[in-house]
Structures are given as C-alpha cells and as structure tokens.
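Okay, target_34.pdb is below, PDB, C-alpha atoms and all ligand atoms:
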```pdb
ATOM      1  CA  MET W  39     -51.341 -30.593 -16.494  1.00  0.00           C
ATOM      2  CA  GLY W  40     -49.976 -31.436 -12.997  1.00  0.00           C
ATOM      3  CA  GLN W  41     -46.683 -32.485 -14.608  1.00  0.00           C
ATOM      4  CA  ALA W  42     -46.206 -29.056 -16.280  1.00  0.00           C
ATOM      5  CA  VAL W  43     -46.735 -27.162 -13.040  1.00  0.00           C
ATOM      6  CA  THR W  44     -44.135 -29.335 -11.262  1.00  0.00           C
ATOM      7  CA  VAL W  45     -41.522 -28.674 -13.973  1.00  0.00           C
ATOM      8  CA  GLU W  46     -42.183 -24.939 -13.757  1.00  0.00           C
ATOM      9  CA  ILE W  47     -41.717 -24.990  -9.964  1.00  0.00           C
ATOM     10  CA  VAL W  48     -38.442 -26.938 -10.295  1.00  0.00           C
ATOM     11  CA  ILE W  49     -37.127 -24.375 -12.827  1.00  0.00           C
ATOM     12  CA  ARG W  50     -38.070 -21.499 -10.512  1.00  0.00           C
ATOM     13  CA  VAL W  51     -36.376 -23.149  -7.516  1.00  0.00           C
ATOM     14  CA  ILE W  52     -33.200 -23.702  -9.573  1.00  0.00           C
ATOM     15  CA  ALA W  53     -33.214 -20.056 -10.708  1.00  0.00           C
ATOM     16  CA  LEU W  54     -33.717 -18.937  -7.109  1.00  0.00           C
ATOM     17  CA  LEU W  55     -30.834 -21.133  -5.911  1.00  0.00           C
ATOM     18  CA  ALA W  56     -28.555 -19.773  -8.634  1.00  0.00           C
ATOM     19  CA  ALA W  57     -29.392 -16.227  -7.595  1.00  0.00           C
ATOM     20  CA  ALA W  58     -28.755 -17.098  -3.944  1.00  0.00           C
ATOM     21  CA  VAL W  59     -25.359 -18.633  -4.781  1.00  0.00           C
ATOM     22  CA  ALA W  60     -24.355 -15.547  -6.789  1.00  0.00           C
ATOM     23  CA  PHE W  61     -25.474 -13.304  -3.949  1.00  0.00           C
ATOM     24  CA  ALA W  62     -23.582 -15.362  -1.347  1.00  0.00           C
ATOM     25  CA  ALA W  63     -20.417 -15.288  -3.463  1.00  0.00           C
ATOM     26  CA  ALA W  64     -20.626 -11.524  -3.832  1.00  0.00           C
ATOM     27  CA  TRP W  65     -21.284 -11.124  -0.120  1.00  0.00           C
ATOM     28  CA  SER W  66     -18.361 -13.308   0.976  1.00  0.00           C
ATOM     29  CA  ALA W  67     -16.009 -11.514  -1.413  1.00  0.00           C
ATOM     30  CA  ARG W  68     -16.910  -8.160   0.129  1.00  0.00           C
ATOM     31  CA  PRO W  69     -14.978  -8.460   3.446  1.00  0.00           C
ATOM     32  CA  ALA W  70     -11.863  -9.573   1.532  1.00  0.00           C
ATOM     33  CA  VAL W  71     -11.995  -6.388  -0.536  1.00  0.00           C
ATOM     34  CA  LEU W  72     -12.524  -4.285   2.594  1.00  0.00           C
ATOM     35  CA  ARG W  73      -9.590  -6.005   4.326  1.00  0.00           C
ATOM     36  CA  LEU W  74      -7.343  -5.317   1.329  1.00  0.00           C
ATOM     37  CA  ARG W  75      -8.304  -1.647   1.360  1.00  0.00           C
ATOM     38  CA  THR W  76      -7.741  -1.140   5.107  1.00  0.00           C
ATOM     39  CA  HIS W  77      -4.487  -3.111   4.965  1.00  0.00           C
ATOM     40  CA  GLY W  78      -3.254  -0.841   2.207  1.00  0.00           C
ATOM     41  CA  GLY W  79      -4.236   2.191   4.235  1.00  0.00           C
ATOM     42  CA  ASN W  80      -2.471   1.064   7.408  1.00  0.00           C
ATOM     43  CA  SER W  81       0.703  -0.353   5.925  1.00  0.00           C
ATOM     44  CA  PRO W  82       3.808   1.771   6.638  1.00  0.00           C
ATOM     45  CA  MET W  83       4.754   1.710   2.953  1.00  0.00           C
ATOM     46  CA  SER W  84       1.640   3.672   2.044  1.00  0.00           C
ATOM     47  CA  ALA W  85       1.858   6.158   4.925  1.00  0.00           C
ATOM     48  CA  LEU W  86       3.005   9.079   2.863  1.00  0.00           C
ATOM     49  CA  ASN W  87       4.391  11.350   5.549  1.00  0.00           C
ATOM     50  CA  CYS W  88       7.982  12.487   5.101  1.00  0.00           C
ATOM     51  CA  PRO W  89      10.090  10.415   7.577  1.00  0.00           C
ATOM     52  CA  SER W  90      12.078  13.473   8.639  1.00  0.00           C
ATOM     53  CA  PRO W  91      10.922  14.197  12.236  1.00  0.00           C
ATOM     54  CA  ASP W  92      10.764  17.993  11.900  1.00  0.00           C
ATOM     55  CA  CYS W  93       9.019  17.853   8.550  1.00  0.00           C
ATOM     56  CA  ASN W  94       5.248  17.775   8.176  1.00  0.00           C
ATOM     57  CA  ALA W  95       5.279  17.561   4.397  1.00  0.00           C
ATOM     58  CA  GLN W  96       3.978  14.616   2.420  1.00  0.00           C
ATOM     59  CA  ARG W  97       6.163  12.458   0.250  1.00  0.00           C
ATOM     60  CA  ARG W  98       4.817  10.869  -2.914  1.00  0.00           C
ATOM     61  CA  THR W  99       4.535   7.149  -3.643  1.00  0.00           C
ATOM     62  CA  GLY W 100       7.953   5.763  -4.515  1.00  0.00           C
ATOM     63  CA  GLN W 101       9.811   8.625  -2.856  1.00  0.00           C
ATOM     64  CA  TYR W 102      11.868   8.253   0.321  1.00  0.00           C
ATOM     65  CA  LEU W 103      11.408  11.886   1.411  1.00  0.00           C
ATOM     66  CA  CYS W 104       9.417  14.964   0.481  1.00  0.00           C
ATOM     67  CA  TRP W 105      10.957  17.165  -2.216  1.00  0.00           C
ATOM     68  CA  ASP W 106      12.421  19.716   0.254  1.00  0.00           C
ATOM     69  CA  CYS W 107      14.201  17.102   2.404  1.00  0.00           C
ATOM     70  CA  TRP W 108      15.344  15.211  -0.698  1.00  0.00           C
ATOM     71  CA  ASP W 109      16.827  18.389  -2.186  1.00  0.00           C
ATOM     72  CA  ALA W 110      18.575  19.114   1.127  1.00  0.00           C
ATOM     73  CA  LEU W 111      20.486  15.801   1.031  1.00  0.00           C
ATOM     74  CA  PRO W 112      24.131  15.955  -0.109  1.00  0.00           C
ATOM     75  CA  THR W 113      24.520  15.094  -3.789  1.00  0.00           C
ATOM     76  CA  LEU W 114      26.441  11.878  -3.058  1.00  0.00           C
ATOM     77  CA  THR W 115      23.758  10.715  -0.636  1.00  0.00           C
ATOM     78  CA  ARG W 116      21.028  11.421  -3.192  1.00  0.00           C
ATOM     79  CA  ARG W 117      22.962   9.564  -5.843  1.00  0.00           C
ATOM     80  CA  ALA W 118      23.511   6.567  -3.527  1.00  0.00           C
ATOM     81  CA  LEU W 119      19.829   6.452  -2.547  1.00  0.00           C
ATOM     82  CA  SER W 120      18.782   6.506  -6.199  1.00  0.00           C
ATOM     83  CA  ILE W 121      20.609   3.246  -6.988  1.00  0.00           C
ATOM     84  CA  ARG W 122      18.172   0.335  -7.093  1.00  0.00           C
ATOM     85  CA  ASP W 123      20.170  -2.758  -6.184  1.00  0.00           C
ATOM     86  CA  ASP W 124      20.527  -5.251  -3.307  1.00  0.00           C
ATOM     87  CA  LEU W 125      21.803  -2.508  -0.996  1.00  0.00           C
ATOM     88  CA  ALA W 126      18.889  -0.132  -1.639  1.00  0.00           C
ATOM     89  CA  ARG W 127      17.053  -1.356   1.467  1.00  0.00           C
ATOM     90  CA  ALA W 128      20.180  -0.965   3.635  1.00  0.00           C
ATOM     91  CA  ARG W 129      20.673   2.601   2.361  1.00  0.00           C
ATOM     92  CA  LEU W 130      17.069   3.439   3.174  1.00  0.00           C
ATOM     93  CA  GLN W 131      17.520   1.992   6.674  1.00  0.00           C
ATOM     94  CA  ILE W 132      20.588   4.208   7.231  1.00  0.00           C
ATOM     95  CA  LEU W 133      18.611   7.218   6.037  1.00  0.00           C
ATOM     96  CA  HIS W 134      15.705   6.465   8.387  1.00  0.00           C
ATOM     97  CA  ARG W 135      18.045   5.757  11.318  1.00  0.00           C
ATOM     98  CA  GLN W 136      19.902   9.041  10.840  1.00  0.00           C
ATOM     99  CA  LEU W 137      16.671  11.010  10.511  1.00  0.00           C
ATOM    100  CA  ALA W 138      15.280   9.345  13.645  1.00  0.00           C
ATOM    101  CA  ALA W 139      18.513  10.248  15.468  1.00  0.00           C
ATOM    102  CA  GLY W 140      17.838  13.887  14.621  1.00  0.00           C
ATOM    103  CA  ALA W 141      20.403  14.366  11.859  1.00  0.00           C
ATOM    104  CA  PRO W 142      19.416  17.197   9.511  1.00  0.00           C
ATOM    105  CA  PRO W 143      19.039  15.971   5.895  1.00  0.00           C
ATOM    106  CA  HIS W 144      22.004  18.039   4.619  1.00  0.00           C
ATOM    107  CA  GLU W 145      24.349  16.198   7.022  1.00  0.00           C
ATOM    108  CA  ILE W 146      23.309  12.660   6.160  1.00  0.00           C
ATOM    109  CA  GLU W 147      26.060  10.788   4.350  1.00  0.00           C
ATOM    110  CA  ILE W 148      25.363   7.433   2.756  1.00  0.00           C
ATOM    111  CA  ARG W 149      28.225   5.787   0.875  1.00  0.00           C
ATOM    112  CA  LEU W 150      27.178   2.222   0.264  1.00  0.00           C
TER     113      LEU W 150
HETATM  114 ZN    ZN B 201      10.452  16.339   4.418  1.00  0.00          ZN
END
```
Could you write out this structure as structure tokens?
Amino acid sequence: MGQAVTVEIVIRVIALLAAAVAFAAAWSARPAVLRLRTHGGNSPMSALNCPSPDCNAQRRTGQYLCWDCWDALPTLTRRALSIRDDLARARLQILHRQLAAGAPPHEIEIRL
C-alpha cells in the first residue's frame, strides 16, 4: 500500500519536472524571437523609405528606390543597377552617394 503511493508521487514529480522544463525552454526561446523581430525592424536593409532625400515615398523589398525615382533614372543607369554581379554593391553605393549629394535621379549616371 505505502509502496504504491510512493510510486505515484514519483510519477507526478517527474511529470511536473517535464512540464517545468518545457515551460522554461519556451520562456528562454521567447527573448531570442523578440530580438530577431526588433533586429529585422531596425536594420537599414528593411527600412523601406526611398533613399532619395526629397522623396517621401516607400520603396518595396528588393528595390533600390521607389517606382517614381526608379523611373526617373536614365535608362543606362537603370540597366546598370539591374545587373546582379560582384559590382552590384558598388553601383548601389554610387547611387546612394549621388542621392545624398543632392543629385536628382534623372542626372545620376552609373556606368560600371
Ligand atoms: Zn523616391
């Protein structure tokens, strides 16, 4: 009789511990998820404002500029910026530098 009660208590304690471990794991995973979310929100790559200083429009993910500024770029510049190769980052830097210097989109020439 006493033996059976002891076994039942042991099983309950084990079940309680298992639940506590699962709860602790879920709890410790939570801040990591929150950090990932806030990091994504603050990173410059996900700030979706058009980089043109006079422009308040939003660009979409994967776009360098909003549609209006993109359409204003000279055809050759647009073509150059559309090439995805080792120089793509350098072209984007030129674009950003020229915009920051106040160059209007239709005057930006990129020939890399
Ligand atoms: Zn724009």
Selection: 10 Å around Asn87 (chain W), all atoms listed in the file, excl. self and same-chain fewer than 5 positions, as a PyMOL selection string: chain W and resi 82+93-98+102-104
Ala141 (chain W) environment, 12 Å, only C-alpha atoms, sequence neighbours closer than 6 positions dropped, as a ChimeraX atom specification: /W:89-92,107,110-111,132-135,147
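Among the candidate residues W:Pro143, W:Ile148, W:Leu54, W:Leu114, the one lying nearest to ligand ZN 201 (chain B) is W:Pro143, with distances computed using only C-alpha atoms and all ligand atoms.
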Of the listed residues W:Gln131, W:Ser120, W:Thr115, W:Gln101, that which approaches ligand ZN 201 (chain B) most closely, counting only C-alpha atoms and all ligand atoms: W:Gln101
Listed atoms of region 137-140 of chain W boxed axis-aligned with 5 Å per side, centre + edges as AutoDock Vina command-line options:
```
--center_x 16.9 --center_y 11.6 --center_z 13.0 --size_x 13.2 --size_y 14.5 --size_z 15.0
```
Nearest to ligand ZN 201 (chain B), chosen from W:Cys88, W:Asp109, W:Arg116, W:Glu145, with all atoms listed in the file counted in the distances: W:Cys88
Distance query 10 Å from (30.4, 2.1, -0.7) using only C-alpha atoms, result as a list of chain:residue names: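 All residues meeting the 10 Å criterion around (30.4, 2.1, -0.7) are W:Ala118, W:Leu125, W:Ile148, W:Arg149, W:Leu150.
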Between atom ZN of ligand ZN 201 (chain B) and CA of Trp105 (chain W) - distance in Å to one decimal: 6.7 Å
Nearest-residue call for ligand ZN 201 (chain B), choices W:Ala139, W:Leu86, W:Ala56, W:Ile121, using all atoms listed in the file: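 Counting all atoms listed in the file, the residue closest to ligand ZN 201 (chain B) is W:Leu86.
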CA of Ala42 (chain W) to CA of Ala57 (chain W), straight-line distance in Å: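 If I compute the distance from CA of Ala57 (chain W) to CA of Ala42 (chain W), I get 22.9 Å.
Nearest residue to ligand ZN 201 (chain B), choosing from W:Arg117, W:Trp108, W:Glu46, W:Asp123 and counting all atoms listed in the file: W:Trp108.
Distance check against ligand ZN 201 (chain B) using only C-alpha atoms and all ligand atoms: of W:Ile146, W:Asp106, W:Leu119, W:Arg127, the minimum falls on W:Asp106.
Relative to atom ZN of ligand ZN 201 (chain B), CA of Leu137 (chain W) is found at 10.2 Å.
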